[in-house]
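Q: One structure is given below, represented as structure tokens, and several questions about it will come after.
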Amino acid sequence: MRWLLEFYKKNMDITGRELVRNAIQLQEVERIPWVPFVGVHAGALMGISATEYLRSAQHIIDGVSKAVEAYAPDGIPVSFDLQVEAEVLGCKLNWAENNPPAVVSHPLLEGVEIEDLKIPDRNSGRIPVMLSAASTLRETFPDIALYGLITGPFTLALHLMGTDVFMRMLEDPDHIHQLMEFCCEVSIFMADAYAETGCDVIALVDPMTSQIDPFSFETFVTPYVRRVFDAIRNSKALSSFFVCGNAKQNIEVMCKCGPDNISIDENIPLDYVRDIALQHKISFGGNIKLTTVLLMGSEEDSMRDALECMDTGGKKGFVLAPGCDLAMATPPGNLKAVTQLVQDELLQGELRASTASVSEVQKLDLSDHWRSDKVVVDVITLDSSSCAPCQYMVDAVLRACKPFGEAVICKEYRIKEEEGVQMMATLNVMNIPTIVIDGNVEFISQIPPIHEISERIRYYLENKSG
Amino acid sequence: MENLLSEIAHCIEFGKINLASNYPPDLKGKDGADELTLMALEAGFGPGEILESGLMKGMEKVGIKFRENKIFVPQVLMSAKAMSAAMLHLKPFFLSGEAKRKGTFIIGTVQGDLHDIGKNLVSMMVEGNGYEVIDLGTDVTAEQFIRASGQYPGSIVGLSALLTTTMANMESIVKELKEQVPGSRICIGGAPVTKDFCDRIQADFYSPDPQGLVEYLNEMAS
């Protein structure tokens with residue numbers, strides 16, 4: 001029994017910081033670590049504006065401390081502000097009450113040349129605010145993993161040159177390489193500075209990469225971010241690659257850049273990211289829904305969504321986190337509910353069981369649903385308004401049905417609603433989204449070309465009249 | 001000579017702006033949307049015909065490829081640039097009333113929000129599909145939308161937002177606009193926006209991509 005005691009002792013003692021570090025390094029963990037991405041949200045906890053919050057090291061220290069107290073996180077970012085570097089480099093910012101500031105001017109479009117830009121020093125702009133907050137938080141919370149967030153080089157390039165970057169990539173690639181070279185140096189500088197304060201994880205946040213294709217990514221992003229990740233490794237910190245937005249097409253090339261971890265938002269299915277990341281021996285994190293669940297949903301919604309993430313993510317190589325920067329007005333109760341769930345395995349089990357009971361739903365009597373003279377097309381979705389594949393499938397079906405007019409009855413069933421769940425069970429549908437025609441499962445998950453749907457409808461229609 | 005119009009469509013689809021542009025590599029040294037549109041006008045094609053069988057044909061393909069994740073923002077922006085080069089030659093005819101457009105679309109990023117990539121993509125896809133676009137820019141208030149709606153009767157309004165917090169402003173703009181301009185039609189879009197949200201704030205239409213909006217406008221115009 002002694003081994004059991006020792007095992008317990010070891011696991012009782014494990015800190016959140018170790019949990020995060022272990023998960024990021026793909027070691028099996030007893031409990032999934034939870035890292036709420038608290039940025040300006042901490043300003044709301046303190047009752048001050050985003051502007052006041054992000055301009056003061058003391059506010060950031062107090063705000064993060066409040067968040068630690070409220071959410072008992074295993075890891076937390078020092079701050080979430082992708083405008084710090086841009087501001088130092090001459091971009092004008094528009095400050096807001098409820099949001100991080102926005103970049104409103106692009107120096108490279110206003111006569112400044114790339115050669116004129118200088119790597120910032122540690123006293124420039126708000127860099128000392130962030131670094132001193134990081135140092136103090138490191139001392140105050142030795143048991144929590146601290147994340148230092150740096151602006152990714154591609155997003156920084158967009159700040160400096162505006163959307164012209166996109167066109168010049170195609171028209172004048174050398175120019176963009178020159179710009180990326182500079183932005184890469186800035187990222188390495190910031191990564192080193194955060195690593196020195198003792199941050200465990202340096203997160204390179206590069207949301208604008210979601211707007212480009214994998215080939216452009218490999219050409220204009222990979223060579224540079226790879227150097228940043230190498231530098232982070234040399235500084236003995238761990239690295240994470242954050243991307244907000246739908247970057248599904250780039251997950252593979254992101255993994256090939258050599259980060260320790262990638263973190264994504266709800267635009268990308270977590271299982272998709274998990275499979276690719278683990279294949280590349282990289283850990284992953286995400287993707288509790290920021291707006292529809294954490295901001296607008298209930299505590300129960302938040303727990304259910306978090307549980308789904310946890311069950312998909314598993315205990316090896318997964319960090320539970322929101323998709324991106326938490327909205328300022330996120331109700332604290334929703335985040336506390338997630339904390340409670342993470343720490344209480346029993347609660348996880350109960351919640352899982354209550355979800356499972358959905359599969360024993362009462363089946364529907366569909367005898368009135370079918371028609372002798374019309375084709376009935378049922379589309380089973382999560383909800384076409386929040387799930388992009390569902391939306392495109394419903395769209396494709398509607399367009400395919402339209403030419404048939406009255407001869408086809410088409411309806412979407414959302415499994416967010418009880419009727420949808422019942423319909424799914426009754427029609428023996430196993431995947432979302434699925435197209436069922438006259439009770440036969442015809443198309444699963446993949447969105448078929450419209451003419452293929454039309455062909456199937458025509459086939460059923462002809463069999464009726466014949 | 002029909003070829004000229006399909007060549008214009010090809011230039012729009014692949015983002016060939018003019019003779020001097022190096023992009024796309026396989027059209028290097030060839031005429032772009034700029035030159036070909038001038039040639040088409042000289043050859044006697046009507047501006048409406050050039051718009052419909054040239055620009056719109058190309059733009060529709062861009063919209064579909066973007067929706068299907070076959071191309072991304074950089075490629076769409078090149079197509080936009082090619083289209084603007086062509087429109088420069090056609091605009092005088094539309095302004096003088098010599099050629100007609102399908103309708104008017106007023107667009108802006110809502111108050112508090114300064115993001116414009118999405119809004120600009122939508123503007124140019126809508127313009128490229130034969131509509132006059134009134135772009136009110138970013139950080140646009142309800143009053144500005146109301147004023148523009150009054151100026152362009154029968155127009156459809158589009159609201160864009162990229163931030164969860166500015167989505168809330170969409171709600172108040174929709175409400176005020178519907179009160180002040182009864183019967184106005186409002187479409188909303190942007191990364192955090194969903195169909196659910198659209199229904200909740202009683203806007204008329206939501207699409208996750210520009211092509212969906214173009215199809216909606218076409219439906220309304222027909």
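Residues in the structure tokens are numbered from 1 in each chain, the chains being A, B, ... in the order shown, and ligands are numbered from 1 in the order shown.
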Which residues of chain B come within 6 Å of chain A, and what is each one's closest atom pair and distance in Å (one decimal), counting only C-alpha atoms, sorted by chain and residue number, as CSV?

A:
residue,atom,partner,partner_atom,distance
B:Tyr23,CA,A:Glu171,CA,5.8
B:Phe72,CA,A:Ile212,CA,5.3
B:Val73,CA,A:Gln211,CA,5.6
B:Pro74,CA,A:Phe166,CA,4.5
B:Thr194,CA,A:Ser385,CA,5.3
B:Lys195,CA,A:Ser385,CA,4.3
B:Asp196,CA,A:Ser385,CA,5.9

Q: Limited to C-alpha atoms, could you put the picked residues into a file as an mmCIF file, in the first residue's frame?

A:
data_model
loop_
_atom_site.group_PDB
_atom_site.id
_atom_site.type_symbol
_atom_site.label_atom_id
_atom_site.label_comp_id
_atom_site.auth_asym_id
_atom_site.auth_seq_id
_atom_site.Cartn_x
_atom_site.Cartn_y
_atom_site.Cartn_z
ATOM 1 C CA TYR B 23 0.438 38.474 -60.683
ATOM 2 C CA PHE B 72 -8.240 32.978 -49.239
ATOM 3 C CA VAL B 73 -8.151 36.685 -48.480
ATOM 4 C CA PRO B 74 -4.970 37.521 -50.465
ATOM 5 C CA THR B 194 -24.427 33.856 -35.986
ATOM 6 C CA LYS B 195 -27.852 33.079 -37.399
ATOM 7 C CA ASP B 196 -29.162 32.771 -33.841
#

Q: Run DSSP on the backbone of this structure and report the residues of range 102-292 of chain A it assigns to strand (DSSP E or B), as a ChimeraX atom specification.

A: /A:102-103,145-151,201-205,238-243,261-264,283-288

Q: Which residues in range 117-160 of chain B does DSSP call helix (DSSP H, G or I)? List them as an mmCIF file with N, CA and C atoms, in the first residue's frame.

A:
data_model
loop_
_atom_site.group_PDB
_atom_site.id
_atom_site.type_symbol
_atom_site.label_atom_id
_atom_site.label_comp_id
_atom_site.auth_asym_id
_atom_site.auth_seq_id
_atom_site.Cartn_x
_atom_site.Cartn_y
_atom_site.Cartn_z
ATOM 1 N N ILE B 117 -11.557 44.562 -42.874
ATOM 2 C CA ILE B 117 -11.234 43.589 -43.932
ATOM 3 C C ILE B 117 -12.505 42.916 -44.431
ATOM 4 N N GLY B 118 -13.295 42.414 -43.484
ATOM 5 C CA GLY B 118 -14.522 41.703 -43.851
ATOM 6 C C GLY B 118 -15.477 42.601 -44.597
ATOM 7 N N LYS B 119 -15.651 43.795 -44.069
ATOM 8 C CA LYS B 119 -16.577 44.745 -44.700
ATOM 9 C C LYS B 119 -16.129 45.055 -46.128
ATOM 10 N N ASN B 120 -14.817 45.266 -46.306
ATOM 11 C CA ASN B 120 -14.325 45.601 -47.645
ATOM 12 C C ASN B 120 -14.510 44.445 -48.624
ATOM 13 N N LEU B 121 -14.283 43.224 -48.138
ATOM 14 C CA LEU B 121 -14.488 42.066 -49.023
ATOM 15 C C LEU B 121 -15.948 42.009 -49.470
ATOM 16 N N VAL B 122 -16.847 42.216 -48.502
ATOM 17 C CA VAL B 122 -18.266 42.153 -48.832
ATOM 18 C C VAL B 122 -18.619 43.267 -49.824
ATOM 19 N N SER B 123 -18.137 44.500 -49.551
ATOM 20 C CA SER B 123 -18.446 45.624 -50.458
ATOM 21 C C SER B 123 -18.084 45.293 -51.878
ATOM 22 N N MET B 124 -16.859 44.755 -52.013
ATOM 23 C CA MET B 124 -16.425 44.623 -53.399
ATOM 24 C C MET B 124 -17.077 43.432 -54.093
ATOM 25 N N MET B 125 -17.429 42.405 -53.323
ATOM 26 C CA MET B 125 -18.157 41.289 -53.935
ATOM 27 C C MET B 125 -19.543 41.753 -54.374
ATOM 28 N N VAL B 126 -20.163 42.593 -53.537
ATOM 29 C CA VAL B 126 -21.499 43.081 -53.874
ATOM 30 C C VAL B 126 -21.415 44.018 -55.078
ATOM 31 N N GLU B 127 -20.411 44.889 -55.070
ATOM 32 C CA GLU B 127 -20.242 45.793 -56.211
ATOM 33 C C GLU B 127 -19.964 44.996 -57.479
ATOM 34 N N GLY B 128 -19.104 43.999 -57.329
ATOM 35 C CA GLY B 128 -18.745 43.175 -58.485
ATOM 36 C C GLY B 128 -19.904 42.354 -59.007
ATOM 37 N N ALA B 142 -25.867 54.646 -35.666
ATOM 38 C CA ALA B 142 -27.227 54.414 -36.152
ATOM 39 C C ALA B 142 -27.684 55.598 -37.006
ATOM 40 N N GLU B 143 -27.379 56.827 -36.551
ATOM 41 C CA GLU B 143 -27.821 58.016 -37.303
ATOM 42 C C GLU B 143 -27.256 58.016 -38.717
ATOM 43 N N GLN B 144 -25.979 57.612 -38.827
ATOM 44 C CA GLN B 144 -25.376 57.596 -40.168
ATOM 45 C C GLN B 144 -26.084 56.591 -41.077
ATOM 46 N N PHE B 145 -26.409 55.429 -40.522
ATOM 47 C CA PHE B 145 -27.131 54.434 -41.317
ATOM 48 C C PHE B 145 -28.512 54.961 -41.703
ATOM 49 N N ILE B 146 -29.176 55.637 -40.743
ATOM 50 C CA ILE B 146 -30.520 56.151 -41.007
ATOM 51 C C ILE B 146 -30.474 57.213 -42.109
ATOM 52 N N ARG B 147 -29.475 58.099 -41.985
ATOM 53 C CA ARG B 147 -29.351 59.163 -42.983
ATOM 54 C C ARG B 147 -29.129 58.570 -44.382
ATOM 55 N N ALA B 148 -28.224 57.594 -44.467
ATOM 56 C CA ALA B 148 -27.928 56.992 -45.769
ATOM 57 C C ALA B 148 -29.152 56.270 -46.321
ATOM 58 N N SER B 149 -29.900 55.591 -45.434
ATOM 59 C CA SER B 149 -31.101 54.885 -45.888
ATOM 60 C C SER B 149 -32.106 55.862 -46.470
ATOM 61 N N GLY B 150 -32.212 57.052 -45.860
ATOM 62 C CA GLY B 150 -33.118 58.060 -46.371
ATOM 63 C C GLY B 150 -32.676 58.581 -47.727
ATOM 64 N N GLN B 151 -31.360 58.666 -47.884
ATOM 65 C CA GLN B 151 -30.804 59.193 -49.132
ATOM 66 C C GLN B 151 -30.977 58.217 -50.289
#

Q: May I have the residues within 7 Å of Val88 in chain A as a ChimeraX atom specification, using only C-alpha atoms and disregarding those fewer than 4 positions away in the same chain?

A: /A:84,120,124-125

Q: Would you save the residues of that selection, restricted to N, CA and C atoms, as a PDB file, in the first residue's frame?

A:
ATOM      1  N   VAL A  84       0.666  45.819 -28.154  1.00  0.00           N
ATOM      2  CA  VAL A  84       1.805  46.398 -27.429  1.00  0.00           C
ATOM      3  C   VAL A  84       2.972  46.683 -28.384  1.00  0.00           C
ATOM      4  N   PRO A 120      12.302  47.273 -30.697  1.00  0.00           N
ATOM      5  CA  PRO A 120      12.082  48.044 -29.471  1.00  0.00           C
ATOM      6  C   PRO A 120      13.069  47.647 -28.374  1.00  0.00           C
ATOM      7  N   SER A 124      10.516  50.641 -23.992  1.00  0.00           N
ATOM      8  CA  SER A 124       9.656  51.314 -24.971  1.00  0.00           C
ATOM      9  C   SER A 124       8.180  51.084 -24.660  1.00  0.00           C
ATOM     10  N   GLY A 125       7.394  52.153 -24.793  1.00  0.00           N
ATOM     11  CA  GLY A 125       5.936  52.053 -24.715  1.00  0.00           C
ATOM     12  C   GLY A 125       5.469  51.317 -23.474  1.00  0.00           C
TER      13      GLY A 125
END

Q: I want to know what sits within 10 Å of Ser454 in chain A, based on only C-alpha atoms, with residues of the same chain fewer than 6 positions away left out; could you give that as a list in words?

A: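 Skipping anything fewer than 6 positions along the chain leaves Ala396, Val397, Arg399, Ala400, Cys401, Lys402, Pro403 and Phe404 of chain A.
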
Q: Restricting the calculation to only C-alpha atoms, which member of A:Glu462, A:Asp260, A:Asp81, A:Glu406 is positioned closest to Asp206 in chain A?

A: A:Asp81

Q: Within 10 Å of Phe197 in chain B, counting only C-alpha atoms, which residues show up once you throw out same-chain ones fewer than 4 positions away? Write them as a list of chain:residue names, please.

A: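 Here the answer would be A:Thr292, A:Ser385, A:Ser386, B:Met167, B:Ala168, B:Met170, B:Glu171, B:Ile188, B:Pro192, B:Val193, B:Ile201, B:Gln202, B:Ala203, B:Tyr206.
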
Q: Could you pull the residues within 9 Å of range 32-42 of chain A, counting only C-alpha atoms, minus those fewer than 4 positions along the same chain, as a PyMOL selection string?

A: chain A and resi 16-17+19-20+23+46-51+53-54+59-60+62-67+71-81+98-100+145+310+313-330+335+338-339+342-343

Q: Hey, what's within 12 Å of Asn250 in chain A if we count only C-alpha atoms and toss same-chain stuff fewer than 3 positions away? As an MDAnalysis selection string, please?

A: (chainID A and resid 206:218 221:222 241:247 253:257 262 264 268 272:273 276:277) or (chainID B and resid 69 72)

Q: Return the single residue from A:Ile188, A:Leu364, A:Val441, A:Leu93 that is closest to Ile119 in chain A, with distances computed using only C-alpha atoms.

A: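 Among the listed residues, A:Ile188 lies closest to Ile119 in chain A.
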
Q: Can you measure CA of Met78 in chain B to CA of Ser21 in chain B for me? One decimal in Å is fine.

A: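 Separating CA of Met78 in chain B from CA of Ser21 in chain B is a distance of 10.4 Å.
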
Q: Please compute the CA of Thr140 in chain A-CA of Leu26 in chain A distance, one decimal, in Å.

A: 27.0 Å
